[in-house]
$ cat coords.csv   # CSV, C-alpha atoms
chain,number,residue,atom,x,y,z
A,1,MET,CA,47.2,-13.0,-37.1
A,2,PRO,CA,45.2,-10.6,-35.0
A,3,ASN,CA,46.7,-7.2,-34.5
A,4,LEU,CA,48.3,-6.8,-31.1
A,5,LYS,CA,46.9,-3.4,-30.5
A,6,ASP,CA,43.4,-4.5,-31.4
A,7,LEU,CA,43.6,-7.3,-29.0
A,8,LYS,CA,44.8,-5.0,-26.2
A,9,THR,CA,41.8,-2.6,-26.8
A,10,ARG,CA,39.5,-5.6,-26.8
A,11,ILE,CA,40.8,-6.8,-23.5
A,12,GLU,CA,40.5,-3.4,-22.0
A,13,SER,CA,36.9,-3.1,-23.2
A,14,VAL,CA,35.9,-6.4,-21.7
A,15,LYS,CA,37.6,-5.4,-18.5
A,16,ASN,CA,35.4,-2.3,-18.4
A,17,THR,CA,32.3,-4.3,-19.0
A,18,ARG,CA,33.3,-6.6,-16.2
A,19,LYS,CA,33.6,-3.6,-13.9
A,20,ILE,CA,30.1,-2.4,-14.8
A,21,THR,CA,28.4,-5.8,-14.4
A,22,LYS,CA,30.3,-6.3,-11.1
A,23,ALA,CA,29.0,-2.9,-9.9
A,24,MET,CA,25.5,-3.7,-11.0
A,25,GLN,CA,25.6,-6.9,-9.1
A,26,MET,CA,26.7,-5.2,-5.9
A,27,VAL,CA,24.0,-2.6,-6.3
A,28,SER,CA,21.3,-5.3,-6.9
A,29,ALA,CA,22.5,-7.2,-3.8
A,30,ALA,CA,21.9,-4.1,-1.7
A,31,LYS,CA,18.6,-3.4,-3.3
A,32,LEU,CA,17.6,-7.0,-3.0
A,33,ARG,CA,18.0,-6.9,0.7
A,34,ARG,CA,15.8,-3.8,0.9
A,35,ALA,CA,13.2,-5.3,-1.4
A,36,GLN,CA,13.2,-8.5,0.6
A,37,GLU,CA,12.7,-6.5,3.8
A,38,ALA,CA,9.9,-4.6,2.3
A,39,ALA,CA,8.2,-7.9,1.2
A,40,GLU,CA,8.6,-9.4,4.6
A,41,ALA,CA,7.3,-6.3,6.3
A,42,GLY,CA,4.2,-6.5,4.2
A,43,ARG,CA,3.6,-10.1,4.9
A,44,PRO,CA,1.8,-9.9,8.3
A,45,TYR,CA,-0.8,-7.5,6.9
A,46,ALA,CA,-1.4,-9.5,3.8
A,47,ASP,CA,-1.6,-12.8,5.7
A,48,ARG,CA,-4.1,-11.5,8.2
A,49,MET,CA,-6.1,-9.8,5.5
A,50,ASN,CA,-6.2,-13.0,3.6
A,51,ALA,CA,-7.2,-15.1,6.6
A,52,VAL,CA,-10.1,-12.7,7.5
A,53,MET,CA,-11.2,-12.5,3.9
A,54,ALA,CA,-11.2,-16.2,3.4
A,55,ASN,CA,-13.3,-16.5,6.6
A,56,LEU,CA,-15.8,-13.9,5.5
A,57,ALA,CA,-15.9,-14.9,1.8
A,58,GLY,CA,-16.4,-18.5,2.7
A,59,ALA,CA,-19.5,-17.6,4.7
A,60,SER,CA,-21.0,-15.4,2.0
A,61,ALA,CA,-19.9,-17.2,-1.2
A,62,GLY,CA,-22.8,-18.4,-3.2
A,63,ALA,CA,-25.2,-16.5,-1.1
A,64,GLU,CA,-27.7,-14.2,-2.7
A,65,GLY,CA,-26.5,-10.6,-3.0
A,66,ALA,CA,-22.8,-11.4,-2.5
A,67,PRO,CA,-20.7,-8.4,-3.6
A,68,LYS,CA,-19.9,-8.4,-7.3
A,69,LEU,CA,-16.1,-8.2,-6.6
A,70,LEU,CA,-16.5,-11.6,-5.0
A,71,ALA,CA,-19.1,-13.3,-7.0
A,72,GLY,CA,-18.1,-11.9,-10.4
A,73,SER,CA,-20.3,-10.4,-13.0
A,74,GLY,CA,-21.8,-13.7,-13.8
A,75,ASP,CA,-20.0,-14.0,-17.0
A,76,ASP,CA,-16.5,-14.8,-18.2
A,77,LYS,CA,-16.4,-13.4,-21.7
A,78,VAL,CA,-14.0,-10.5,-21.2
A,79,HIS,CA,-10.7,-11.1,-19.5
A,80,LEU,CA,-8.3,-8.4,-18.2
A,81,LEU,CA,-4.7,-9.4,-17.9
A,82,VAL,CA,-2.6,-7.2,-15.6
A,83,VAL,CA,1.0,-7.9,-16.5
A,84,ALA,CA,3.4,-6.6,-13.9
A,85,THR,CA,7.0,-6.4,-15.0
A,86,ALA,CA,10.1,-4.3,-14.3
A,87,GLU,CA,10.9,-0.9,-15.5
A,88,ARG,CA,14.5,-1.9,-16.3
A,89,GLY,CA,16.1,-4.6,-18.2
A,90,LEU,CA,19.4,-6.4,-17.7
A,91,CYS,CA,17.8,-8.8,-15.3
A,92,GLY,CA,18.0,-12.1,-17.1
A,93,GLY,CA,14.8,-13.8,-17.9
A,94,PHE,CA,12.8,-11.9,-15.4
A,95,ASN,CA,10.6,-9.9,-17.7
A,96,SER,CA,10.5,-12.5,-20.4
A,97,SER,CA,9.2,-15.2,-18.1
A,98,ILE,CA,6.2,-13.1,-17.0
A,99,VAL,CA,5.5,-12.0,-20.6
A,100,LYS,CA,5.7,-15.6,-21.7
A,101,LEU,CA,3.2,-16.7,-19.1
A,102,ALA,CA,0.8,-13.9,-20.0
A,103,ARG,CA,1.2,-14.5,-23.7
A,104,ALA,CA,0.3,-18.2,-23.2
A,105,LYS,CA,-2.8,-17.3,-21.2
A,106,ALA,CA,-3.8,-14.7,-23.7
A,107,ALA,CA,-3.5,-17.2,-26.6
A,108,GLU,CA,-5.4,-19.8,-24.6
A,109,LEU,CA,-8.3,-17.3,-23.9
A,110,LEU,CA,-8.4,-16.1,-27.5
A,111,ALA,CA,-8.5,-19.6,-28.8
A,112,ALA,CA,-11.4,-20.2,-26.5
A,113,GLY,CA,-13.2,-17.3,-28.1
A,114,LYS,CA,-12.9,-14.9,-25.2
A,115,THR,CA,-12.1,-11.2,-25.4
A,116,VAL,CA,-8.8,-10.3,-23.9
A,117,LYS,CA,-7.7,-6.9,-22.6
A,118,MET,CA,-4.4,-6.0,-21.2
A,119,LEU,CA,-3.1,-3.6,-18.6
A,120,THR,CA,0.6,-3.4,-18.3
A,121,VAL,CA,2.6,-2.3,-15.3
A,122,GLY,CA,6.3,-1.6,-16.0
A,123,LYS,CA,7.9,-0.6,-19.2
A,124,LYS,CA,9.7,-3.8,-20.2
A,125,GLY,CA,6.6,-6.0,-20.3
A,126,ARG,CA,4.8,-3.4,-22.4
A,127,GLU,CA,7.7,-3.2,-24.9
A,128,GLN,CA,7.6,-7.0,-25.4
A,129,LEU,CA,3.9,-7.3,-25.7
A,130,LYS,CA,3.3,-4.2,-27.8
A,131,ARG,CA,4.0,-5.8,-31.1
A,132,GLU,CA,1.5,-8.5,-30.7
A,133,TYR,CA,-1.2,-7.0,-28.6
A,134,GLU,CA,-1.1,-3.3,-29.0
A,135,ASP,CA,-4.8,-3.0,-30.0
A,136,ILE,CA,-6.0,-4.8,-26.9
A,137,MET,CA,-3.9,-2.8,-24.4
A,138,ILE,CA,-6.2,-0.5,-22.5
A,139,ASP,CA,-3.7,1.2,-20.2
A,140,HIS,CA,-0.2,1.3,-18.9
A,141,VAL,CA,1.0,2.1,-15.4
A,142,ASP,CA,4.5,3.7,-15.3
A,143,LEU,CA,6.4,3.2,-12.1
A,144,SER,CA,9.7,4.3,-13.4
A,145,ASP,CA,9.7,7.4,-11.1
A,146,VAL,CA,8.8,5.4,-8.1
A,147,LYS,CA,11.9,4.7,-6.0
A,148,ARG,CA,10.3,2.5,-3.4
A,149,ILE,CA,7.0,0.8,-4.2
A,150,GLY,CA,4.4,2.1,-1.7
A,151,TYR,CA,0.9,0.9,-0.8
A,152,VAL,CA,-0.5,4.0,-2.6
A,153,ASN,CA,0.9,2.7,-5.9
A,154,ALA,CA,-0.9,-0.6,-5.5
A,155,GLN,CA,-4.0,1.2,-4.3
A,156,SER,CA,-4.2,3.3,-7.4
A,157,ILE,CA,-3.8,0.3,-9.7
A,158,ALA,CA,-6.4,-1.7,-7.7
A,159,LYS,CA,-8.8,1.3,-7.8
A,160,ASP,CA,-8.4,1.6,-11.6
A,161,VAL,CA,-9.1,-2.1,-12.0
A,162,VAL,CA,-12.2,-2.0,-9.7
A,163,ASP,CA,-13.5,1.1,-11.5
A,164,ARG,CA,-13.2,-0.6,-14.9
A,165,PHE,CA,-14.9,-3.7,-13.5
A,166,ASN,CA,-17.8,-1.6,-12.1
A,167,ALA,CA,-18.1,0.1,-15.5
A,168,GLY,CA,-18.5,-3.4,-17.0
A,169,GLU,CA,-15.3,-3.4,-19.0
A,170,PHE,CA,-14.4,-6.9,-18.2
A,171,ASP,CA,-15.6,-10.0,-16.2
A,172,VAL,CA,-12.4,-11.6,-14.9
A,173,ALA,CA,-9.1,-10.0,-13.9
A,174,THR,CA,-5.8,-11.8,-13.5
A,175,ILE,CA,-2.5,-10.4,-12.4
A,176,PHE,CA,0.8,-11.8,-13.6
A,177,TYR,CA,4.0,-11.4,-11.6
A,178,ASN,CA,7.1,-13.2,-10.5
A,179,LYS,CA,7.0,-14.8,-7.1
A,180,PHE,CA,10.3,-14.6,-5.2
A,181,GLU,CA,11.5,-18.0,-4.1
A,182,SER,CA,15.2,-17.3,-3.8
A,183,VAL,CA,17.9,-15.4,-5.6
A,184,MET,CA,18.3,-18.2,-8.0
A,185,SER,CA,14.6,-18.9,-8.7
A,186,GLN,CA,11.6,-16.7,-9.3
A,187,VAL,CA,8.4,-18.3,-10.3
A,188,PRO,CA,6.1,-16.6,-12.8
A,189,THR,CA,2.7,-16.6,-11.1
A,190,GLU,CA,-0.8,-15.8,-12.1
A,191,LEU,CA,-3.3,-14.7,-9.5
A,192,GLN,CA,-7.0,-14.1,-10.1
A,193,LEU,CA,-8.1,-10.7,-8.7
A,194,ILE,CA,-11.7,-10.6,-9.7
A,195,PRO,CA,-13.8,-12.5,-8.8
A,196,ALA,CA,-11.7,-12.4,-5.7
A,197,LYS,CA,-10.2,-15.7,-4.4
A,198,PHE,CA,-8.8,-16.1,-1.0
A,199,GLU,CA,-7.1,-19.2,0.2
A,200,ALA,CA,-7.8,-20.1,3.7
A,201,GLU,CA,-4.9,-21.4,5.8
A,202,THR,CA,-5.5,-25.1,6.0
A,203,GLY,CA,-6.1,-26.5,9.4
A,204,ALA,CA,-6.8,-23.2,11.0
A,205,GLU,CA,-10.1,-23.3,12.7
A,206,ALA,CA,-12.0,-20.1,12.0
A,207,PRO,CA,-12.9,-18.5,15.3
A,208,PHE,CA,-16.4,-17.3,15.9
A,209,TYR,CA,-16.6,-13.6,15.6
A,210,GLU,CA,-19.1,-11.0,16.4
A,211,TYR,CA,-19.3,-8.6,13.5
A,212,GLU,CA,-19.8,-4.9,13.8
A,213,PRO,CA,-21.3,-3.7,11.5
A,214,GLY,CA,-22.8,-6.8,9.8
A,215,GLU,CA,-20.8,-9.4,7.9
A,216,ASP,CA,-21.9,-8.1,4.6
A,217,GLU,CA,-20.9,-4.5,5.3
A,218,ILE,CA,-17.5,-5.5,6.5
A,219,LEU,CA,-17.0,-7.7,3.4
A,220,ALA,CA,-18.0,-4.9,1.1
A,221,ASP,CA,-15.7,-2.5,2.9
A,222,LEU,CA,-12.8,-4.8,2.9
A,223,LEU,CA,-12.9,-6.3,-0.6
A,224,PRO,CA,-11.4,-3.3,-2.3
A,225,ARG,CA,-8.7,-3.1,0.4
A,226,ALA,CA,-8.0,-6.8,0.1
A,227,LEU,CA,-7.6,-6.3,-3.7
A,228,SER,CA,-5.1,-3.5,-3.1
A,229,THR,CA,-3.3,-5.7,-0.7
A,230,GLN,CA,-3.0,-8.5,-3.3
A,231,VAL,CA,-1.7,-6.1,-5.9
A,232,PHE,CA,0.7,-4.7,-3.3
A,233,THR,CA,2.0,-8.1,-2.5
A,234,ALA,CA,2.4,-8.9,-6.2
A,235,LEU,CA,4.4,-5.7,-6.7
A,236,LEU,CA,6.6,-6.4,-3.7
A,237,GLU,CA,7.3,-9.9,-4.8
A,238,ASN,CA,8.1,-8.6,-8.2
A,239,GLY,CA,10.5,-6.0,-6.8
A,240,ALA,CA,12.4,-8.6,-4.9
A,241,SER,CA,12.4,-11.0,-7.8
A,242,GLU,CA,13.7,-8.3,-10.2
A,243,GLN,CA,16.7,-7.6,-8.0
A,244,GLY,CA,17.3,-11.3,-7.4
A,245,ALA,CA,17.2,-12.0,-11.1
A,246,ARG,CA,19.4,-9.1,-11.9
A,247,MET,CA,21.9,-10.2,-9.3
A,248,SER,CA,22.3,-13.6,-10.7
A,249,ALA,CA,22.3,-12.4,-14.3
A,250,MET,CA,25.1,-9.9,-13.5
A,251,ASP,CA,27.0,-12.5,-11.5
A,252,ASN,CA,26.9,-14.7,-14.7
A,253,ALA,CA,27.9,-11.8,-16.8
A,254,THR,CA,30.9,-11.0,-14.6
A,255,ARG,CA,32.0,-14.6,-14.7
A,256,ASN,CA,31.7,-14.8,-18.4
A,257,ALA,CA,33.6,-11.5,-18.8
A,258,GLY,CA,36.4,-13.0,-16.7
A,259,GLU,CA,36.6,-16.1,-18.9
A,260,MET,CA,36.6,-14.0,-21.9
A,261,ILE,CA,39.5,-11.9,-20.6
A,262,ASP,CA,41.5,-15.1,-19.8
A,263,LYS,CA,41.0,-16.4,-23.3
A,264,LEU,CA,41.9,-13.1,-24.9
A,265,THR,CA,45.0,-12.7,-22.8
A,266,ILE,CA,46.2,-16.1,-24.0
A,267,VAL,CA,45.7,-15.1,-27.6
A,268,TYR,CA,47.4,-11.8,-26.9
A,269,ASN,CA,50.5,-13.5,-25.3
A,270,ARG,CA,50.7,-16.0,-28.1
A,271,SER,CA,50.6,-13.4,-30.8
A,272,ARG,CA,53.2,-11.3,-29.0
A,273,GLN,CA,55.5,-14.3,-28.7
A,274,ALA,CA,55.0,-15.2,-32.3
A,275,ALA,CA,55.9,-11.6,-33.3
A,276,ILE,CA,59.1,-11.7,-31.3
A,277,THR,CA,60.0,-15.1,-32.7
A,278,ASN,CA,59.4,-13.7,-36.2
A,279,GLU,CA,61.6,-10.8,-35.6
A,280,LEU,CA,64.4,-13.0,-34.3
A,281,ILE,CA,64.2,-15.2,-37.3
A,282,GLU,CA,64.4,-12.2,-39.5
A,283,ILE,CA,67.5,-10.8,-37.7
A,284,ILE,CA,69.3,-14.2,-37.7
A,285,SER,CA,68.5,-14.9,-41.3
A,286,GLY,CA,69.7,-11.4,-42.2
A,287,ALA,CA,73.0,-12.0,-40.2
A,288,GLU,CA,73.6,-15.3,-41.9
A,289,ALA,CA,73.1,-13.9,-45.3
A,290,LEU,CA,76.0,-11.5,-44.9
B,1,MET,CA,-3.1,-7.7,35.6
B,2,ALA,CA,-3.9,-9.8,32.6
B,3,THR,CA,-2.5,-8.4,29.3
B,4,ILE,CA,-3.7,-8.6,25.8
B,5,GLN,CA,-1.3,-8.9,22.8
B,6,PHE,CA,-1.6,-5.8,20.7
B,7,ASP,CA,-0.4,-5.7,17.0
B,8,LEU,CA,-0.6,-2.7,14.8
B,9,VAL,CA,0.2,-3.5,11.2
B,10,SER,CA,0.0,-1.4,8.0
B,11,PRO,CA,0.5,-2.8,4.5
B,12,GLU,CA,4.1,-1.5,4.6
B,13,ARG,CA,5.3,-2.4,8.0
B,14,LYS,CA,4.5,-3.6,11.5
B,15,LEU,CA,4.3,-0.6,13.8
B,16,ALA,CA,3.8,-2.2,17.1
B,17,SER,CA,3.6,-5.5,18.9
B,18,VAL,CA,3.3,-5.2,22.6
B,19,ALA,CA,1.5,-6.8,25.5
B,20,ALA,CA,-1.0,-4.1,26.6
B,21,SER,CA,-3.4,-3.9,29.4
B,22,GLU,CA,-6.0,-1.9,27.5
B,23,ILE,CA,-6.4,-0.6,24.0
B,24,HIS,CA,-8.8,2.2,22.9
B,25,ILE,CA,-10.0,1.6,19.4
B,26,PRO,CA,-12.1,3.9,17.1
B,27,GLY,CA,-14.5,1.4,15.6
B,28,SER,CA,-16.8,2.4,12.8
B,29,GLU,CA,-19.8,1.9,15.0
B,30,GLY,CA,-18.3,3.6,18.0
B,31,ASP,CA,-15.2,3.7,20.2
B,32,PHE,CA,-14.5,0.7,22.4
B,33,THR,CA,-11.8,-0.5,24.7
B,34,ALA,CA,-10.3,-4.0,24.3
B,35,MET,CA,-8.9,-5.7,27.4
B,36,ALA,CA,-8.0,-9.3,28.1
B,37,GLU,CA,-10.9,-11.8,27.7
B,38,HIS,CA,-12.7,-9.5,25.3
B,39,ALA,CA,-15.3,-11.3,23.2
B,40,SER,CA,-14.1,-12.2,19.7
B,41,LEU,CA,-15.0,-9.2,17.5
B,42,LEU,CA,-14.3,-8.1,14.0
B,43,THR,CA,-15.0,-4.5,13.1
B,44,THR,CA,-14.0,-1.9,10.7
B,45,LEU,CA,-12.1,1.2,11.7
B,46,ARG,CA,-13.0,4.8,11.2
B,47,PRO,CA,-10.2,7.5,11.0
B,48,GLY,CA,-9.3,8.1,14.6
B,49,ILE,CA,-6.7,7.5,17.3
B,50,VAL,CA,-5.7,4.1,18.7
B,51,LYS,CA,-4.5,4.4,22.3
B,52,VAL,CA,-2.4,1.6,23.8
B,53,VAL,CA,-1.9,1.4,27.5
B,54,ALA,CA,0.9,-1.0,28.6
B,55,GLY,CA,1.7,-0.5,32.2
B,56,SER,CA,2.5,3.1,32.6
B,57,ASP,CA,3.3,3.6,29.0
B,58,VAL,CA,0.7,5.1,26.8
B,59,THR,CA,1.2,5.2,23.1
B,60,GLU,CA,-1.1,6.7,20.5
B,61,TYR,CA,-1.4,6.1,16.8
B,62,VAL,CA,-3.4,7.9,14.2
B,63,VAL,CA,-5.1,5.4,11.9
B,64,THR,CA,-7.3,5.6,8.9
B,65,GLY,CA,-9.3,2.8,7.2
B,66,GLY,CA,-8.9,-0.9,7.9
B,67,PHE,CA,-10.2,-3.3,10.5
B,68,VAL,CA,-9.7,-4.7,13.9
B,69,GLU,CA,-9.7,-8.3,15.0
B,70,VAL,CA,-10.1,-8.8,18.7
B,71,SER,CA,-10.0,-12.2,20.5
B,72,GLY,CA,-9.7,-12.9,24.1
B,73,THR,CA,-5.9,-12.9,24.0
B,74,ALA,CA,-5.0,-10.6,21.1
B,75,ALA,CA,-6.1,-7.5,19.3
B,76,SER,CA,-4.8,-6.8,15.8
B,77,VAL,CA,-5.4,-3.5,14.2
B,78,LEU,CA,-4.9,-3.6,10.4
B,79,ALA,CA,-4.9,0.0,9.3
B,80,GLU,CA,-4.4,1.3,5.8
B,81,HIS,CA,-2.4,4.2,7.2
B,82,ALA,CA,-1.0,4.3,10.7
B,83,VAL,CA,1.4,6.8,12.1
B,84,PRO,CA,2.6,7.3,15.7
B,85,LYS,CA,0.7,10.3,17.0
B,86,ALA,CA,3.9,12.1,17.9
B,87,GLU,CA,4.9,12.1,14.2
B,88,VAL,CA,1.6,13.4,12.9
B,89,THR,CA,1.5,17.0,11.7
B,90,THR,CA,-1.4,19.1,10.5
B,91,ASP,CA,0.0,18.7,6.9
B,92,ILE,CA,-0.4,14.9,7.1
B,93,VAL,CA,-3.9,15.1,8.3
B,94,ASN,CA,-4.7,17.8,5.7
B,95,ALA,CA,-3.5,15.4,3.0
B,96,LEU,CA,-5.7,12.7,4.5
B,97,VAL,CA,-8.7,15.1,4.4
B,98,ALA,CA,-7.9,15.9,0.8
B,99,ASP,CA,-7.8,12.2,0.0
B,100,ALA,CA,-11.1,11.6,1.7
B,101,GLU,CA,-12.7,14.6,-0.1
B,102,GLU,CA,-11.4,13.3,-3.4
B,103,ALA,CA,-12.9,9.9,-2.7
B,104,ALA,CA,-16.2,11.5,-1.8
B,105,LYS,CA,-16.6,13.2,-5.1
B,106,GLY,CA,-19.0,11.6,-7.5
B,107,THR,CA,-20.5,9.3,-5.0
B,108,ALA,CA,-24.2,9.1,-4.3
B,109,GLY,CA,-26.8,7.6,-2.0
B,110,ALA,CA,-25.4,5.2,0.6
B,111,GLU,CA,-21.9,5.5,-0.8
B,112,LYS,CA,-22.0,9.3,-0.3
B,113,ASP,CA,-23.0,8.8,3.3
B,114,VAL,CA,-20.1,6.6,3.9
B,115,ALA,CA,-17.7,8.9,2.1
B,116,ASP,CA,-19.0,12.0,3.9
B,117,LYS,CA,-18.6,10.3,7.2
B,118,ARG,CA,-15.0,9.5,6.4
B,119,VAL,CA,-14.4,13.2,5.5
B,120,ALA,CA,-16.0,14.3,8.8
B,121,ASP,CA,-14.0,11.7,10.8
B,122,THR,CA,-10.8,12.7,9.2
B,123,LYS,CA,-11.5,16.4,9.8
B,124,ALA,CA,-12.2,15.6,13.4
B,125,LEU,CA,-8.6,14.3,13.7
B,126,LEU,CA,-7.4,17.9,13.2
B,127,GLU,CA,-8.7,18.7,16.6
B,128,LEU,CA,-7.3,15.6,18.2
B,129,ILE,CA,-3.7,16.0,17.3
$ encode --input "coords.csv" --output "structure tokens"
Amino acid sequence: MPNLKDLKTRIESVKNTRKITKAMQMVSAAKLRRAQEAAEAGRPYADRMNAVMANLAGASAGAEGAPKLLAGSGDDKVHLLVVATAERGLCGGFNSSIVKLARAKAAELLAAGKTVKMLTVGKKGREQLKREYEDIMIDHVDLSDVKRIGYVNAQSIAKDVVDRFNAGEFDVATIFYNKFESVMSQVPTELQLIPAKFEAETGAEAPFYEYEPGEDEILADLLPRALSTQVFTALLENGASEQGARMSAMDNATRNAGEMIDKLTIVYNRSRQAAITNELIEIISGAEAL
Amino acid sequence: MATIQFDLVSPERKLASVAASEIHIPGSEGDFTAMAEHASLLTTLRPGIVKVVAGSDVTEYVVTGGFVEVSGTAASVLAEHAVPKAEVTTDIVNALVADAEEAAKGTAGAEKDVADKRVADTKALLELI
């Protein structure tokens, strides 16, 4: 029979765990709201940028002398996978789902005889991928000191990627992140950064613009910015997804802890009763023996 | 008087959305004023000051990098950095100048011209604020 004292300690410890997970859930809920607001605040810029880029890119795609960021290097031998994950754990399957998608893509590319390089953003993804892919990791971006993701963070990542592309280190770049659908669901997503792809809003008729300076100059000027914007959007979506995932994971944990406490309390009460009954039997038998 | 819808957005937030009567914009090829019924125009920005006139209200924003999309009914400024002029301090501009100078390093040819222009334009902001 389990010791009463041990049981009591166990119940106390689970209660403490429940307090922690509950607190984490509350914190995530507050952070989620902020992250969602940030993601929403960034949307008008990203949408407009995308629409204009789709318009410009559509006109110049396939044309001679299109910028390399748009047309690509003319090859697709070397792939760069940018894997954006969280800096912290305890957020359910958030990190694993991104890593899983990236791993599948890497395996597929390697099987097709391509060269794969990896750039990780966020500690957790790096930890998971390190064992398998350490020799192909070219860099790591640490955002653990960043309290609130800013455009500058995205800009520096994008600049790094563009510089490497210009140096001929890879032909195709893809970023992996979790798209925020709701608190319950985050969708691991891959987005091709280079050659750049812009999806035009369907049905929207592109207005006729006068361009100043010429279309090509504007395109060349805006492409790196558009890239930064795409990375920024990915980071913001990731931020909101992380908090959402953590919130539901912690909610589950709190519930599980509650169930555990109920079960343990029943065992504890039964044991206590059994002990009392035992003592009674002993006393009565003793009295009868006299 | 006819008004034109003015939106100023940066990647991080939407700074302004008002019906304005005229907007002064520092385009990369020169300053211009957008009013209602302006021809559709897409141009890049140079570091400078966007001035929005809505009735008797005049608001000014310091912007760097980005582009402007003007149509007959709306003008949208998409700036990489945008700060209301009242909040701009010399320190902020100095940081922008440092950024521009950093970006100008190691460039050559046509790129250098563009980068140098950005440095000069940013420095010019110091006198405008």
$ interface_residues --input "coords.csv" --of "chain A" --to "chain B" --cutoff "6 Å" --atoms "only C-alpha atoms" --output "list in words"
Ala41, Gly42, Tyr45, Tyr209, Glu210, Tyr211 and Glu212 of chain A
$ atom_distance --input "coords.csv" --atom1 "atom CA of A:Asp160" --atom2 "atom CA of A:Asp139"
9.8 Å
$ atom_distance --input "coords.csv" --atom1 "atom CA of A:Leu119" --atom2 "atom CA of B:Lys105"
25.4 Å
$ residues_around --input "coords.csv" --residues "A:Asn3" --least-positions-apart "6" --cutoff "12 Å" --atoms "only C-alpha atoms" --output "list in words"
Thr9, Arg10, Val267, Tyr268, Asn269, Arg270, Ser271, Arg272, Ala274 and Ala275 of chain A
$ write_last_selection --input "coords.csv" --atoms "C-alpha atoms" --output "PDB file, keeping the file's coordinate frame"
ATOM      1  CA  THR A   9      41.800  -2.600 -26.800  1.00  0.00           C
ATOM      2  CA  ARG A  10      39.500  -5.600 -26.800  1.00  0.00           C
ATOM      3  CA  VAL A 267      45.700 -15.100 -27.600  1.00  0.00           C
ATOM      4  CA  TYR A 268      47.400 -11.800 -26.900  1.00  0.00           C
ATOM      5  CA  ASN A 269      50.500 -13.500 -25.300  1.00  0.00           C
ATOM      6  CA  ARG A 270      50.700 -16.000 -28.100  1.00  0.00           C
ATOM      7  CA  SER A 271      50.600 -13.400 -30.800  1.00  0.00           C
ATOM      8  CA  ARG A 272      53.200 -11.300 -29.000  1.00  0.00           C
ATOM      9  CA  ALA A 274      55.000 -15.200 -32.300  1.00  0.00           C
ATOM     10  CA  ALA A 275      55.900 -11.600 -33.300  1.00  0.00           C
TER      11      ALA A 275
END
$ residues_around --input "coords.csv" --residues "B:Pro84" --least-positions-apart "4" --cutoff "12 Å" --atoms "only C-alpha atoms" --output "VMD selection string"
chain B and resid 8 to 10 14 to 16 48 to 52 58 to 63 88 to 89 92 129
$ residues_around --input "coords.csv" --residues "A:Ala154" --least-positions-apart "2" --cutoff "6 Å" --atoms "all atoms listed in the file" --output "PyMOL selection string"
chain A and resi 151-152+156-157+228+231-232
$ decode --input "coords.csv" --residues "stretch 95-120 of chain A" --atoms "C-alpha atoms" --output "mmCIF file, in the first residue's frame"
data_model
loop_
_atom_site.group_PDB
_atom_site.id
_atom_site.type_symbol
_atom_site.label_atom_id
_atom_site.label_comp_id
_atom_site.auth_asym_id
_atom_site.auth_seq_id
_atom_site.Cartn_x
_atom_site.Cartn_y
_atom_site.Cartn_z
ATOM 1 C CA ASN A 95 8.598 23.572 -33.074
ATOM 2 C CA SER A 96 8.382 19.929 -34.062
ATOM 3 C CA SER A 97 5.846 20.558 -36.793
ATOM 4 C CA ILE A 98 8.072 23.125 -38.509
ATOM 5 C CA VAL A 99 11.112 20.901 -38.119
ATOM 6 C CA LYS A 100 9.192 17.948 -39.492
ATOM 7 C CA LEU A 101 8.210 19.864 -42.610
ATOM 8 C CA ALA A 102 11.747 21.158 -43.127
ATOM 9 C CA ARG A 103 13.181 17.700 -42.596
ATOM 10 C CA ALA A 104 10.816 16.184 -45.163
ATOM 11 C CA LYS A 105 11.774 18.865 -47.676
ATOM 12 C CA ALA A 106 15.478 18.380 -47.008
ATOM 13 C CA ALA A 107 15.160 14.621 -47.446
ATOM 14 C CA GLU A 108 13.251 15.089 -50.674
ATOM 15 C CA LEU A 109 15.837 17.503 -52.066
ATOM 16 C CA LEU A 110 18.744 15.329 -51.020
ATOM 17 C CA ALA A 111 17.109 12.309 -52.623
ATOM 18 C CA ALA A 112 16.797 14.319 -55.836
ATOM 19 C CA GLY A 113 20.541 14.911 -55.753
ATOM 20 C CA LYS A 114 20.434 18.572 -54.750
ATOM 21 C CA THR A 115 22.681 20.267 -52.283
ATOM 22 C CA VAL A 116 20.921 21.529 -49.183
ATOM 23 C CA LYS A 117 22.040 24.258 -46.813
ATOM 24 C CA MET A 118 20.261 25.354 -43.701
ATOM 25 C CA LEU A 119 19.874 28.597 -41.850
ATOM 26 C CA THR A 120 18.058 28.374 -38.548
#
